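*Asks:* Sharing a structure below in structure tokens format, with a few things to ask.
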Number of protein chains: 2
Amino acid sequence: MSAVPEQGPLRIGEVAQLTGTTPRTIRYYEEIGLLPAASGREPGAHRIYAEGDVERLQDLLRLKDLLGLSLEELHDLISAQDARAALREEWHSGVEDPVRRRQILEEAVTHIDNQLRLVRRRRDEIAQLEGELNAKRRRNRDRMRELQRSGATG
Amino acid sequence: MSAVPEQGPLRIGEVAQLTGTTPRTIRYYEEIGLLPAASGREPGAHRIYAEGDVERLQDLLRLKDLLGLSLEELHDLISAQDARAALREEWHSGVEDPVRRRQILEEAVTHIDNQLRLVRRRRDEIAQLEGELNAKRRRNRDRMRELQRSGATG
DNA sequence: GTTCTACTTAACGTGAACGTCAAGAACCCT
DNA sequence: AGGGTTCTTGACGTTCACGTTAAGTAGAAC
């Protein structure tokens with residue numbers, strides 16, 4: 001089904017490589033509550049991750065980078081990271097109540113919409129900047145052509 | 001001609017307000033060579049700025065923010081800030097040699113193209129992210145509709 | 001010419017986001 | 001079961017991008 005090789009359980013170093021970060025960063029994110037702290041882990045035991053964790057971390061890093069968010073802002077944005085994880089859990093464990101399922105989906109959509117708002121704003125800001133740079137470029141090229149023209153006569 | 005009120009010579013505090021930064025930041029940028037250090041200034045004398053300086057600073061801040069550049073990267077990007085200032089100077093002081101003028105313009109265009117490359121890349125990354133978020137959103141909405149449908153029969 | 005405010009330099013301080021040891025324990029392999 | 005690699009926690013260090021404070025000066029306003 002999936003094109004990426006499912007590697008099953010991963011350790012922190014592999015996750016770091018896959019996401020282009022470092023173990024320290026991952027631990028730090030967990031420390032500040034940006035990443036969940038697998039609840040059943042014995043103290044001193046290795047952290048273990050699944051493919052899904054990698055994707056979520058990649059999403060986080062991308063949001064942080066592309067939106068220029070601080071870790072705190074990022075935390076606010078994806079807030080209820082734990083709550084959301086719980087929701088996903090609840091969803092996948094197959095709650096039967098369709099009303100509840102609908103609630104979960106609505107939460108998720110709201111959440112996505114929050115991100116979309118920020119992304120669209122950024123998109124517009126970038127577009128604005130691009131437009132101005134293109135204008136500058138055109139002005140200069142016009143001047144160059146002007147030079148060419150007046151120079152050709154002399 | 002211009003819609004903005006030409007205020008003539010500005011002091012650091014005003015420039016800071018106009019650009020939404022602080023005097024400290026402006027001095028810091030000057031310190032690290034990101035902003036030019038008006039050469040004829042007596043030690044201890046106030047820094048003075050023109051409207052053009054404000055715009056250039058705004059451009060810098062925008063590039064930094066929207067592209068997520070460090071001050072060093074920003075420095076590299078607009079490198080030869082001094083050189084460029086000199087070019088502008090030379091241009092406005094009315095050098096006659098059209099070949100020289102053309103050189104100056106070509107430099108400027110190259111420079112703008114460098115910025116455009118980065119901006120476009122960013123634009124694409126943002127677009128990619130936006131696309132994925134929209135896809136996620138659609139998936140969830142589909143699931144909600146699915147719920148609706150199956151729920152309406154029970 | 002004083003007065004008041006915004007500026008000057010210099011220096012030290014700060015928060016964010018990790019980096020970098022060190023000592024030891026967990027895991028994988030054979 | 002032993003050995004090598006990778007991890008664990010804890011603590012301290014570092015870099016970036018300024019903030020803050022202090023002591024004094026410049027410049028605008030009266």
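Every chain in the structure tokens takes a letter, A first, then B, and so on in the order presented; its residues are numbered from 1, and the ligands are numbered from 1 following the presented order.
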Would you give me, as a Markdown table, each residue of chain D having an atom within 10 Å of an atom of stretch 44-52 of chain B, along with its shortest atom pair and that distance in Å to one decimal, using only C-alpha atoms (C1' of nucleotides) and sorting by chain and residue number?

*Replies:*
| residue | atom | partner | partner_atom | distance |
| --- | --- | --- | --- | --- |
| D:DT25 | C1' | B:Gly44 | CA | 7.1 |
| D:DA26 | C1' | B:Ala45 | CA | 6.4 |
| D:DG27 | C1' | B:His46 | CA | 8.6 |

*Asks:* Could you dump the residues just selected with N, CA and C atoms (P, O5', C5', C4', C3', O3' and C1' of nucleotides) as an mmCIF file, in the first residue's frame?

*Replies:*
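part-v6.cif, freshly written:
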data_model
loop_
_atom_site.group_PDB
_atom_site.id
_atom_site.type_symbol
_atom_site.label_atom_id
_atom_site.label_comp_id
_atom_site.auth_asym_id
_atom_site.auth_seq_id
_atom_site.Cartn_x
_atom_site.Cartn_y
_atom_site.Cartn_z
ATOM 1 P P DT D 25 30.327 63.865 28.916
ATOM 2 O "O5'" DT D 25 29.412 63.918 27.613
ATOM 3 C "C5'" DT D 25 29.753 63.122 26.479
ATOM 4 C "C4'" DT D 25 28.728 63.348 25.397
ATOM 5 C "C3'" DT D 25 28.575 64.802 24.951
ATOM 6 O "O3'" DT D 25 28.475 64.779 23.538
ATOM 7 C "C1'" DT D 25 26.490 63.917 25.521
ATOM 8 P P DA D 26 28.806 66.161 22.768
ATOM 9 O "O5'" DA D 26 27.713 66.036 21.626
ATOM 10 C "C5'" DA D 26 27.099 64.756 21.416
ATOM 11 C "C4'" DA D 26 25.834 64.899 20.615
ATOM 12 C "C3'" DA D 26 25.669 66.215 19.872
ATOM 13 O "O3'" DA D 26 24.996 65.896 18.668
ATOM 14 C "C1'" DA D 26 23.960 66.003 21.521
ATOM 15 P P DG D 27 24.872 66.964 17.522
ATOM 16 O "O5'" DG D 27 23.350 67.408 17.691
ATOM 17 C "C5'" DG D 27 22.366 66.381 17.771
ATOM 18 C "C4'" DG D 27 21.006 66.945 18.139
ATOM 19 C "C3'" DG D 27 20.660 68.294 17.508
ATOM 20 O "O3'" DG D 27 19.293 68.237 17.158
ATOM 21 C "C1'" DG D 27 20.445 68.449 19.824
#

*Asks:* Could you give me chain A least-squares fitted onto chain B (all C-alpha atoms, paired in order), as a short mmCIF file (atom, residue, chain, number, x, y, z; two decimals) with N, CA and C atoms, in the first residue's frame?

*Replies:*
data_model
loop_
_atom_site.label_atom_id
_atom_site.label_comp_id
_atom_site.auth_asym_id
_atom_site.auth_seq_id
_atom_site.Cartn_x
_atom_site.Cartn_y
_atom_site.Cartn_z
N MET A 1 4.52 63.79 -5.47
CA MET A 1 4.85 62.55 -6.17
C MET A 1 4.61 61.34 -5.29
N SER A 2 5.07 61.46 -4.06
CA SER A 2 4.98 60.30 -3.17
C SER A 2 3.82 60.46 -2.19
N ALA A 3 3.19 59.35 -1.85
CA ALA A 3 2.05 59.41 -0.95
C ALA A 3 2.49 59.48 0.52
N VAL A 4 3.64 58.94 0.82
CA VAL A 4 4.14 58.97 2.19
C VAL A 4 4.74 60.34 2.48
N PRO A 5 4.47 60.84 3.69
CA PRO A 5 4.99 62.15 4.04
C PRO A 5 6.52 62.11 4.20
N GLU A 6 7.18 62.84 3.37
CA GLU A 6 8.64 62.90 3.45
C GLU A 6 9.05 63.67 4.70
N GLN A 7 9.68 63.00 5.62
CA GLN A 7 10.00 63.65 6.89
C GLN A 7 11.44 64.13 6.97
N GLY A 8 12.16 63.93 5.90
CA GLY A 8 13.54 64.37 5.92
C GLY A 8 14.38 63.54 6.87
N PRO A 9 15.31 64.19 7.60
CA PRO A 9 16.25 63.45 8.44
C PRO A 9 15.55 62.83 9.65
N LEU A 10 15.87 61.59 9.88
CA LEU A 10 15.26 60.85 11.00
C LEU A 10 16.32 60.44 12.00
N ARG A 11 15.87 60.23 13.23
CA ARG A 11 16.80 59.72 14.23
C ARG A 11 16.46 58.26 14.51
N ILE A 12 17.35 57.64 15.22
CA ILE A 12 17.26 56.19 15.34
C ILE A 12 15.94 55.71 15.95
N GLY A 13 15.43 56.49 16.89
CA GLY A 13 14.19 56.10 17.54
C GLY A 13 13.02 56.12 16.58
N GLU A 14 12.99 57.12 15.73
CA GLU A 14 11.91 57.22 14.75
C GLU A 14 12.00 56.09 13.74
N VAL A 15 13.20 55.84 13.28
CA VAL A 15 13.41 54.73 12.34
C VAL A 15 12.94 53.42 12.97
N ALA A 16 13.27 53.27 14.23
CA ALA A 16 12.87 52.06 14.94
C ALA A 16 11.35 51.93 14.95
N GLN A 17 10.68 53.02 15.26
CA GLN A 17 9.21 52.99 15.29
C GLN A 17 8.64 52.68 13.92
N LEU A 18 9.17 53.35 12.93
CA LEU A 18 8.66 53.17 11.57
C LEU A 18 8.84 51.74 11.08
N THR A 19 9.88 51.09 11.55
CA THR A 19 10.16 49.74 11.07
C THR A 19 9.71 48.67 12.05
N GLY A 20 9.20 49.11 13.18
CA GLY A 20 8.74 48.13 14.16
C GLY A 20 9.86 47.40 14.87
N THR A 21 10.99 48.04 14.99
CA THR A 21 12.09 47.44 15.75
C THR A 21 12.48 48.35 16.89
N THR A 22 13.70 48.18 17.35
CA THR A 22 14.21 49.01 18.43
C THR A 22 15.55 49.62 18.02
N PRO A 23 15.90 50.71 18.66
CA PRO A 23 17.20 51.31 18.39
C PRO A 23 18.33 50.31 18.56
N ARG A 24 18.24 49.52 19.60
CA ARG A 24 19.28 48.53 19.86
C ARG A 24 19.51 47.64 18.66
N THR A 25 18.43 47.19 18.07
CA THR A 25 18.52 46.32 16.91
C THR A 25 19.22 47.01 15.75
N ILE A 26 18.85 48.24 15.54
CA ILE A 26 19.45 48.99 14.44
C ILE A 26 20.95 49.16 14.67
N ARG A 27 21.30 49.52 15.89
CA ARG A 27 22.73 49.65 16.19
C ARG A 27 23.45 48.32 16.02
N TYR A 28 22.77 47.28 16.46
CA TYR A 28 23.37 45.94 16.33
C TYR A 28 23.61 45.59 14.87
N TYR A 29 22.65 45.87 14.04
CA TYR A 29 22.78 45.58 12.61
C TYR A 29 23.95 46.37 12.02
N GLU A 30 24.08 47.58 12.48
CA GLU A 30 25.20 48.38 12.00
C GLU A 30 26.52 47.78 12.49
N GLU A 31 26.49 47.34 13.73
CA GLU A 31 27.68 46.78 14.35
C GLU A 31 28.21 45.57 13.59
N ILE A 32 27.29 44.73 13.14
CA ILE A 32 27.72 43.52 12.44
C ILE A 32 27.81 43.74 10.93
N GLY A 33 27.66 44.97 10.52
CA GLY A 33 27.88 45.27 9.10
C GLY A 33 26.70 45.00 8.20
N LEU A 34 25.55 44.82 8.81
CA LEU A 34 24.36 44.56 8.01
C LEU A 34 23.80 45.89 7.49
N LEU A 35 23.97 46.90 8.29
CA LEU A 35 23.62 48.25 7.87
C LEU A 35 24.90 49.07 7.77
N PRO A 36 24.95 49.97 6.81
CA PRO A 36 26.16 50.78 6.65
C PRO A 36 26.30 51.77 7.79
N ALA A 37 27.52 52.16 8.08
CA ALA A 37 27.78 53.08 9.19
C ALA A 37 28.21 54.43 8.66
N ALA A 38 27.22 55.29 8.46
CA ALA A 38 27.46 56.62 7.87
C ALA A 38 28.87 57.11 8.18
N SER A 39 29.65 57.26 7.15
CA SER A 39 31.09 57.42 7.34
C SER A 39 31.50 58.74 7.99
N GLY A 40 30.72 59.79 7.79
CA GLY A 40 31.18 61.10 8.26
C GLY A 40 30.71 61.46 9.65
N ARG A 41 30.34 60.45 10.44
CA ARG A 41 29.73 60.76 11.73
C ARG A 41 30.77 60.95 12.83
N GLU A 42 30.67 62.04 13.55
CA GLU A 42 31.57 62.29 14.67
C GLU A 42 31.26 61.32 15.79
N PRO A 43 32.25 60.83 16.48
CA PRO A 43 31.98 59.92 17.58
C PRO A 43 31.13 60.60 18.66
N GLY A 44 30.04 59.96 18.98
CA GLY A 44 29.15 60.52 20.00
C GLY A 44 27.96 61.26 19.40
N ALA A 45 28.08 61.59 18.11
CA ALA A 45 26.97 62.31 17.46
C ALA A 45 25.82 61.36 17.17
N HIS A 46 24.64 61.89 17.08
CA HIS A 46 23.46 61.07 16.78
C HIS A 46 23.54 60.53 15.36
N ARG A 47 23.01 59.32 15.21
CA ARG A 47 22.89 58.76 13.85
C ARG A 47 21.71 59.42 13.16
N ILE A 48 21.88 59.73 11.91
CA ILE A 48 20.76 60.30 11.15
C ILE A 48 20.47 59.44 9.93
N TYR A 49 19.18 59.34 9.63
CA TYR A 49 18.74 58.47 8.53
C TYR A 49 17.80 59.22 7.60
N ALA A 50 17.68 58.69 6.40
CA ALA A 50 16.74 59.23 5.43
C ALA A 50 15.65 58.20 5.17
N GLU A 51 14.64 58.60 4.45
CA GLU A 51 13.53 57.69 4.14
C GLU A 51 14.04 56.40 3.49
N GLY A 52 14.98 56.56 2.61
CA GLY A 52 15.52 55.40 1.91
C GLY A 52 16.09 54.36 2.86
N ASP A 53 16.71 54.85 3.91
CA ASP A 53 17.27 53.92 4.90
C ASP A 53 16.16 53.11 5.56
N VAL A 54 15.05 53.77 5.80
CA VAL A 54 13.92 53.08 6.41
C VAL A 54 13.43 51.95 5.51
N GLU A 55 13.30 52.27 4.25
CA GLU A 55 12.83 51.25 3.30
C GLU A 55 13.79 50.08 3.23
N ARG A 56 15.06 50.40 3.16
CA ARG A 56 16.03 49.31 3.07
C ARG A 56 16.01 48.43 4.32
N LEU A 57 15.86 49.07 5.45
CA LEU A 57 15.78 48.29 6.68
C LEU A 57 14.52 47.42 6.68
N GLN A 58 13.43 48.00 6.23
CA GLN A 58 12.20 47.22 6.15
C GLN A 58 12.37 46.02 5.23
N ASP A 59 13.04 46.23 4.12
CA ASP A 59 13.31 45.12 3.20
C ASP A 59 14.11 44.02 3.90
N LEU A 60 15.12 44.47 4.62
CA LEU A 60 15.96 43.51 5.33
C LEU A 60 15.13 42.67 6.30
N LEU A 61 14.33 43.37 7.09
CA LEU A 61 13.54 42.68 8.11
C LEU A 61 12.55 41.72 7.47
N ARG A 62 12.03 42.13 6.34
CA ARG A 62 11.07 41.27 5.67
C ARG A 62 11.75 40.02 5.13
N LEU A 63 12.88 40.20 4.51
CA LEU A 63 13.62 39.05 3.98
C LEU A 63 13.97 38.10 5.12
N LYS A 64 14.48 38.68 6.18
CA LYS A 64 14.84 37.86 7.33
C LYS A 64 13.66 37.06 7.84
N ASP A 65 12.55 37.74 7.98
CA ASP A 65 11.37 37.10 8.54
C ASP A 65 10.79 36.05 7.59
N LEU A 66 10.54 36.48 6.36
CA LEU A 66 9.83 35.61 5.42
C LEU A 66 10.68 34.46 4.93
N LEU A 67 11.97 34.66 4.84
CA LEU A 67 12.83 33.57 4.39
C LEU A 67 13.44 32.80 5.56
N GLY A 68 13.26 33.33 6.75
CA GLY A 68 13.84 32.66 7.90
C GLY A 68 15.35 32.63 7.89
N LEU A 69 15.94 33.75 7.50
CA LEU A 69 17.39 33.81 7.40
C LEU A 69 18.02 34.28 8.71
N SER A 70 19.19 33.76 9.00
CA SER A 70 19.98 34.32 10.10
C SER A 70 20.57 35.63 9.61
N LEU A 71 21.06 36.41 10.53
CA LEU A 71 21.62 37.70 10.13
C LEU A 71 22.84 37.51 9.25
N GLU A 72 23.54 36.41 9.48
CA GLU A 72 24.71 36.15 8.65
C GLU A 72 24.29 35.79 7.23
N GLU A 73 23.29 34.95 7.12
CA GLU A 73 22.79 34.60 5.80
C GLU A 73 22.24 35.82 5.10
N LEU A 74 21.56 36.63 5.86
CA LEU A 74 21.02 37.87 5.31
C LEU A 74 22.15 38.74 4.80
N HIS A 75 23.20 38.77 5.57
CA HIS A 75 24.37 39.54 5.19
C HIS A 75 24.95 39.04 3.88
N ASP A 76 25.04 37.72 3.78
CA ASP A 76 25.57 37.13 2.54
C ASP A 76 24.66 37.48 1.37
N LEU A 77 23.38 37.36 1.61
CA LEU A 77 22.42 37.57 0.53
C LEU A 77 22.51 38.99 -0.05
N ILE A 78 22.49 39.95 0.82
CA ILE A 78 22.56 41.32 0.34
C ILE A 78 23.99 41.79 0.32
N SER A 79 24.86 40.83 0.22
CA SER A 79 26.28 41.10 0.39
C SER A 79 26.74 42.22 -0.52
N ALA A 80 27.86 42.76 -0.08
CA ALA A 80 28.30 43.97 -0.72
C ALA A 80 27.22 45.01 -0.52
N GLN A 81 26.68 45.02 0.67
CA GLN A 81 25.73 46.07 1.05
C GLN A 81 26.43 47.41 0.83
N ASP A 82 27.65 47.47 1.27
CA ASP A 82 28.44 48.68 1.10
C ASP A 82 28.70 48.90 -0.38
N ALA A 83 29.12 47.85 -1.03
CA ALA A 83 29.40 47.94 -2.46
C ALA A 83 28.17 48.42 -3.19
N ARG A 84 27.03 47.84 -2.82
CA ARG A 84 25.79 48.23 -3.50
C ARG A 84 25.40 49.67 -3.19
N ALA A 85 25.62 50.05 -1.97
CA ALA A 85 25.35 51.44 -1.62
C ALA A 85 26.23 52.35 -2.46
N ALA A 86 27.46 51.94 -2.60
CA ALA A 86 28.39 52.70 -3.43
C ALA A 86 27.89 52.78 -4.87
N LEU A 87 27.37 51.66 -5.34
CA LEU A 87 26.86 51.63 -6.71
C LEU A 87 25.70 52.59 -6.88
N ARG A 88 24.79 52.53 -5.93
CA ARG A 88 23.65 53.43 -6.00
C ARG A 88 24.14 54.88 -6.01
N GLU A 89 25.06 55.13 -5.10
CA GLU A 89 25.67 56.45 -5.00
C GLU A 89 26.19 56.88 -6.37
N GLU A 90 27.00 56.00 -6.92
CA GLU A 90 27.62 56.28 -8.20
C GLU A 90 26.55 56.56 -9.25
N TRP A 91 25.52 55.75 -9.20
CA TRP A 91 24.44 55.91 -10.17
C TRP A 91 23.78 57.28 -10.03
N HIS A 92 23.39 57.56 -8.80
CA HIS A 92 22.63 58.80 -8.59
C HIS A 92 23.48 60.04 -8.76
N SER A 93 24.75 59.91 -8.51
CA SER A 93 25.62 61.08 -8.69
C SER A 93 25.85 61.32 -10.18
N GLY A 94 25.28 60.46 -10.98
CA GLY A 94 25.25 60.70 -12.41
C GLY A 94 26.55 60.43 -13.16
N VAL A 95 27.01 59.21 -13.04
CA VAL A 95 28.17 58.83 -13.85
C VAL A 95 27.73 58.87 -15.32
N GLU A 96 28.62 59.29 -16.15
CA GLU A 96 28.20 59.45 -17.54
C GLU A 96 28.40 58.18 -18.37
N ASP A 97 29.47 57.47 -18.13
CA ASP A 97 29.79 56.30 -18.93
C ASP A 97 28.64 55.30 -18.96
N PRO A 98 27.99 55.11 -20.09
CA PRO A 98 26.85 54.20 -20.18
C PRO A 98 27.25 52.75 -19.94
N VAL A 99 28.47 52.40 -20.28
CA VAL A 99 28.93 51.04 -20.01
C VAL A 99 28.94 50.79 -18.51
N ARG A 100 29.45 51.74 -17.79
CA ARG A 100 29.48 51.64 -16.33
C ARG A 100 28.06 51.57 -15.78
N ARG A 101 27.20 52.41 -16.29
CA ARG A 101 25.81 52.41 -15.83
C ARG A 101 25.18 51.04 -16.06
N ARG A 102 25.50 50.48 -17.19
CA ARG A 102 24.95 49.18 -17.51
C ARG A 102 25.48 48.12 -16.53
N GLN A 103 26.74 48.20 -16.23
CA GLN A 103 27.34 47.29 -15.26
C GLN A 103 26.59 47.36 -13.92
N ILE A 104 26.35 48.57 -13.51
CA ILE A 104 25.66 48.78 -12.23
C ILE A 104 24.29 48.13 -12.25
N LEU A 105 23.57 48.36 -13.33
CA LEU A 105 22.23 47.78 -13.44
C LEU A 105 22.28 46.26 -13.47
N GLU A 106 23.27 45.74 -14.16
CA GLU A 106 23.38 44.28 -14.23
C GLU A 106 23.63 43.69 -12.86
N GLU A 107 24.49 44.35 -12.12
CA GLU A 107 24.76 43.93 -10.74
C GLU A 107 23.47 43.89 -9.94
N ALA A 108 22.71 44.94 -10.09
CA ALA A 108 21.47 45.06 -9.33
C ALA A 108 20.50 43.94 -9.70
N VAL A 109 20.40 43.66 -10.98
CA VAL A 109 19.49 42.62 -11.44
C VAL A 109 19.93 41.25 -10.91
N THR A 110 21.20 40.99 -11.02
CA THR A 110 21.74 39.74 -10.49
C THR A 110 21.37 39.59 -9.02
N HIS A 111 21.53 40.68 -8.34
CA HIS A 111 21.26 40.71 -6.92
C HIS A 111 19.79 40.40 -6.64
N ILE A 112 18.94 41.06 -7.39
CA ILE A 112 17.51 40.82 -7.23
C ILE A 112 17.16 39.38 -7.57
N ASP A 113 17.82 38.86 -8.58
CA ASP A 113 17.57 37.47 -8.97
C ASP A 113 17.93 36.50 -7.85
N ASN A 114 19.00 36.79 -7.16
CA ASN A 114 19.38 35.95 -6.03
C ASN A 114 18.25 35.89 -5.01
N GLN A 115 17.71 37.04 -4.72
CA GLN A 115 16.62 37.09 -3.75
C GLN A 115 15.40 36.37 -4.28
N LEU A 116 15.14 36.57 -5.56
CA LEU A 116 13.97 35.94 -6.16
C LEU A 116 14.05 34.42 -6.10
N ARG A 117 15.23 33.90 -6.30
CA ARG A 117 15.41 32.45 -6.23
C ARG A 117 14.94 31.93 -4.87
N LEU A 118 15.42 32.57 -3.84
CA LEU A 118 15.05 32.13 -2.49
C LEU A 118 13.56 32.31 -2.23
N VAL A 119 13.05 33.43 -2.68
CA VAL A 119 11.63 33.72 -2.44
C VAL A 119 10.75 32.71 -3.16
N ARG A 120 11.13 32.37 -4.38
CA ARG A 120 10.32 31.41 -5.14
C ARG A 120 10.37 30.03 -4.50
N ARG A 121 11.53 29.67 -4.02
CA ARG A 121 11.63 28.37 -3.37
C ARG A 121 10.70 28.32 -2.16
N ARG A 122 10.78 29.39 -1.38
CA ARG A 122 9.90 29.48 -0.22
C ARG A 122 8.44 29.40 -0.63
N ARG A 123 8.12 30.15 -1.65
CA ARG A 123 6.75 30.17 -2.15
C ARG A 123 6.30 28.75 -2.47
N ASP A 124 7.16 28.00 -3.14
CA ASP A 124 6.81 26.63 -3.51
C ASP A 124 6.64 25.74 -2.28
N GLU A 125 7.54 25.91 -1.32
CA GLU A 125 7.43 25.11 -0.11
C GLU A 125 6.12 25.38 0.61
N ILE A 126 5.80 26.66 0.67
CA ILE A 126 4.54 27.05 1.32
C ILE A 126 3.35 26.48 0.56
N ALA A 127 3.42 26.57 -0.76
CA ALA A 127 2.32 26.06 -1.58
C ALA A 127 2.15 24.56 -1.36
N GLN A 128 3.26 23.88 -1.29
CA GLN A 128 3.24 22.44 -1.04
C GLN A 128 2.53 22.16 0.29
N LEU A 129 2.94 22.88 1.31
CA LEU A 129 2.35 22.70 2.63
C LEU A 129 0.85 22.99 2.59
N GLU A 130 0.51 24.07 1.94
CA GLU A 130 -0.90 24.44 1.85
C GLU A 130 -1.70 23.34 1.16
N GLY A 131 -1.11 22.81 0.11
CA GLY A 131 -1.79 21.73 -0.60
C GLY A 131 -2.04 20.53 0.29
N GLU A 132 -1.05 20.16 1.04
CA GLU A 132 -1.19 19.00 1.92
C GLU A 132 -2.25 19.24 3.00
N LEU A 133 -2.25 20.46 3.52
CA LEU A 133 -3.25 20.77 4.54
C LEU A 133 -4.66 20.74 3.94
N ASN A 134 -4.78 21.25 2.74
CA ASN A 134 -6.08 21.21 2.08
C ASN A 134 -6.53 19.77 1.85
N ALA A 135 -5.59 18.93 1.48
CA ALA A 135 -5.91 17.52 1.26
C ALA A 135 -6.40 16.87 2.56
N LYS A 136 -5.67 17.16 3.62
CA LYS A 136 -6.06 16.63 4.94
C LYS A 136 -7.47 17.06 5.27
N ARG A 137 -7.70 18.33 5.03
CA ARG A 137 -9.01 18.90 5.34
C ARG A 137 -10.11 18.18 4.57
N ARG A 138 -9.84 17.98 3.29
CA ARG A 138 -10.83 17.32 2.45
C ARG A 138 -11.10 15.89 2.93
N ARG A 139 -10.04 15.19 3.25
CA ARG A 139 -10.20 13.82 3.76
C ARG A 139 -11.12 13.78 4.95
N ASN A 140 -10.85 14.69 5.88
CA ASN A 140 -11.68 14.70 7.09
C ASN A 140 -13.13 15.06 6.79
N ARG A 141 -13.29 16.00 5.87
CA ARG A 141 -14.66 16.40 5.54
C ARG A 141 -15.41 15.23 4.86
N ASP A 142 -14.67 14.50 4.06
CA ASP A 142 -15.27 13.33 3.42
C ASP A 142 -15.72 12.33 4.47
N ARG A 143 -14.87 12.14 5.43
CA ARG A 143 -15.23 11.20 6.49
C ARG A 143 -16.46 11.68 7.23
N MET A 144 -16.55 12.96 7.42
CA MET A 144 -17.71 13.51 8.12
C MET A 144 -18.99 13.27 7.31
N ARG A 145 -18.85 13.48 6.01
CA ARG A 145 -20.01 13.25 5.17
C ARG A 145 -20.41 11.78 5.19
N GLU A 146 -19.40 10.95 5.21
CA GLU A 146 -19.62 9.51 5.28
C GLU A 146 -20.39 9.16 6.55
N LEU A 147 -19.99 9.78 7.63
CA LEU A 147 -20.67 9.55 8.90
C LEU A 147 -22.13 9.96 8.81
N GLN A 148 -22.29 11.15 8.23
CA GLN A 148 -23.63 11.70 8.05
C GLN A 148 -24.51 10.70 7.32
N ARG A 149 -23.97 10.19 6.21
CA ARG A 149 -24.70 9.29 5.34
C ARG A 149 -25.14 8.01 6.08
N SER A 150 -24.14 7.39 6.72
CA SER A 150 -24.45 6.13 7.40
C SER A 150 -25.33 6.37 8.63
N GLY A 151 -25.20 7.54 9.21
CA GLY A 151 -26.00 7.86 10.38
C GLY A 151 -27.46 8.12 10.04
N ALA A 152 -27.68 8.66 8.84
CA ALA A 152 -29.02 9.03 8.43
C ALA A 152 -29.93 7.82 8.24
N THR A 153 -29.28 6.67 7.99
CA THR A 153 -30.06 5.46 7.73
C THR A 153 -30.47 4.77 9.03
N GLY A 154 -29.72 5.02 10.13
CA GLY A 154 -29.97 4.28 11.36
C GLY A 154 -31.02 4.92 12.23
#

*Asks:* Mind listing the helix (DSSP H, G or I) residues of stretch 2-107 of chain B, per DSSP on the backbone, as an MDAnalysis selection string?

*Replies:* chainID B and resid 12:19 23:31 51:67 71:77 81:92 98:107

*Asks:* Pick out each residue of chain B that DSSP on the backbone tags as strand (DSSP E or B); I need them as a VMD selection string.

*Replies:* chain B and resid 10 to 11 48 to 49

*Asks:* Per residue of chain D within 10 Å of chain A, note the shortest atom pair and the distance in Å to one decimal, counting only C-alpha atoms (C1' of nucleotides), and order the rows by chain and increasing residue number, as CSV.

*Replies:*
residue,atom,partner,partner_atom,distance
D:DT6,C1',A:Gly13,CA,8.0
D:DC7,C1',A:His46,CA,5.9
D:DT8,C1',A:Gly44,CA,5.0
D:DT9,C1',A:Gly44,CA,7.5

*Asks:* Just the selected residues (N, CA and C atoms (P, O5', C5', C4', C3', O3' and C1' of nucleotides)), exported as a CSV table (one decimal), in the first residue's frame, please.

*Replies:*
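See selection34.csv below for the written result:
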chain,number,residue,atom,x,y,z
D,6,DT,P,26.0,2.9,16.4
D,6,DT,O5',24.8,3.3,17.4
D,6,DT,C5',23.7,2.4,17.5
D,6,DT,C4',22.9,2.7,18.8
D,6,DT,C3',22.6,4.2,18.9
D,6,DT,O3',21.2,4.4,18.9
D,6,DT,C1',23.3,3.3,20.9
D,7,DC,P,20.6,5.8,18.9
D,7,DC,O5',20.2,6.0,20.5
D,7,DC,C5',19.1,5.3,21.0
D,7,DC,C4',19.3,5.0,22.5
D,7,DC,C3',18.9,6.2,23.3
D,7,DC,O3',17.5,6.2,23.6
D,7,DC,C1',20.8,5.0,24.2
D,8,DT,P,16.9,7.4,24.4
D,8,DT,O5',17.5,7.3,25.9
D,8,DT,C5',17.0,6.3,26.8
D,8,DT,C4',17.6,6.6,28.2
D,8,DT,C3',17.4,8.0,28.6
D,8,DT,O3',16.2,8.1,29.4
D,8,DT,C1',19.6,7.3,29.1
D,9,DT,P,15.7,9.5,29.7
D,9,DT,O5',16.5,10.1,30.9
D,9,DT,C5',16.7,9.4,32.1
D,9,DT,C4',17.7,10.0,33.0
D,9,DT,C3',17.5,11.5,33.4
D,9,DT,O3',17.6,11.6,34.8
D,9,DT,C1',19.6,11.2,32.4

*Asks:* Which residue out of C:DA16, C:DC21, C:DA6, C:DC29 has the minimum interatomic distance to chain A when only C-alpha atoms (C1' of nucleotides) are used?

*Replies:*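 Among C:DA16, C:DC21, C:DA6, C:DC29, it is C:DA16 that comes nearest to chain A.
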
*Asks:* Determine, using only C-alpha atoms (C1' of nucleotides), which residues of chain C have any atom at most 10 Å from an atom of chain B, and tabulate each with its shortest atom pair and distance in Å to one decimal place, rows ordered by chain and then rising number, as a Markdown table.

*Replies:*
| residue | atom | partner | partner_atom | distance |
| --- | --- | --- | --- | --- |
| C:DA6 | C1' | B:Gly13 | CA | 7.8 |
| C:DC7 | C1' | B:His46 | CA | 5.9 |
| C:DT8 | C1' | B:Gly44 | CA | 5.0 |
| C:DT9 | C1' | B:Gly44 | CA | 7.5 |

*Asks:* Would you output that residue set with C-alpha atoms (C1' of nucleotides), as a PDB file, in the first residue's frame?

*Replies:*
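Full text of selection.pdb as output:
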ATOM      1  C1'  DA C   6      16.577  61.283  22.822  1.00  0.00           C
ATOM      2  C1'  DC C   7      20.700  59.960  21.768  1.00  0.00           C
ATOM      3  C1'  DT C   8      25.821  57.943  22.500  1.00  0.00           C
ATOM      4  C1'  DT C   9      29.130  54.053  23.879  1.00  0.00           C
TER       5       DT C   9
END
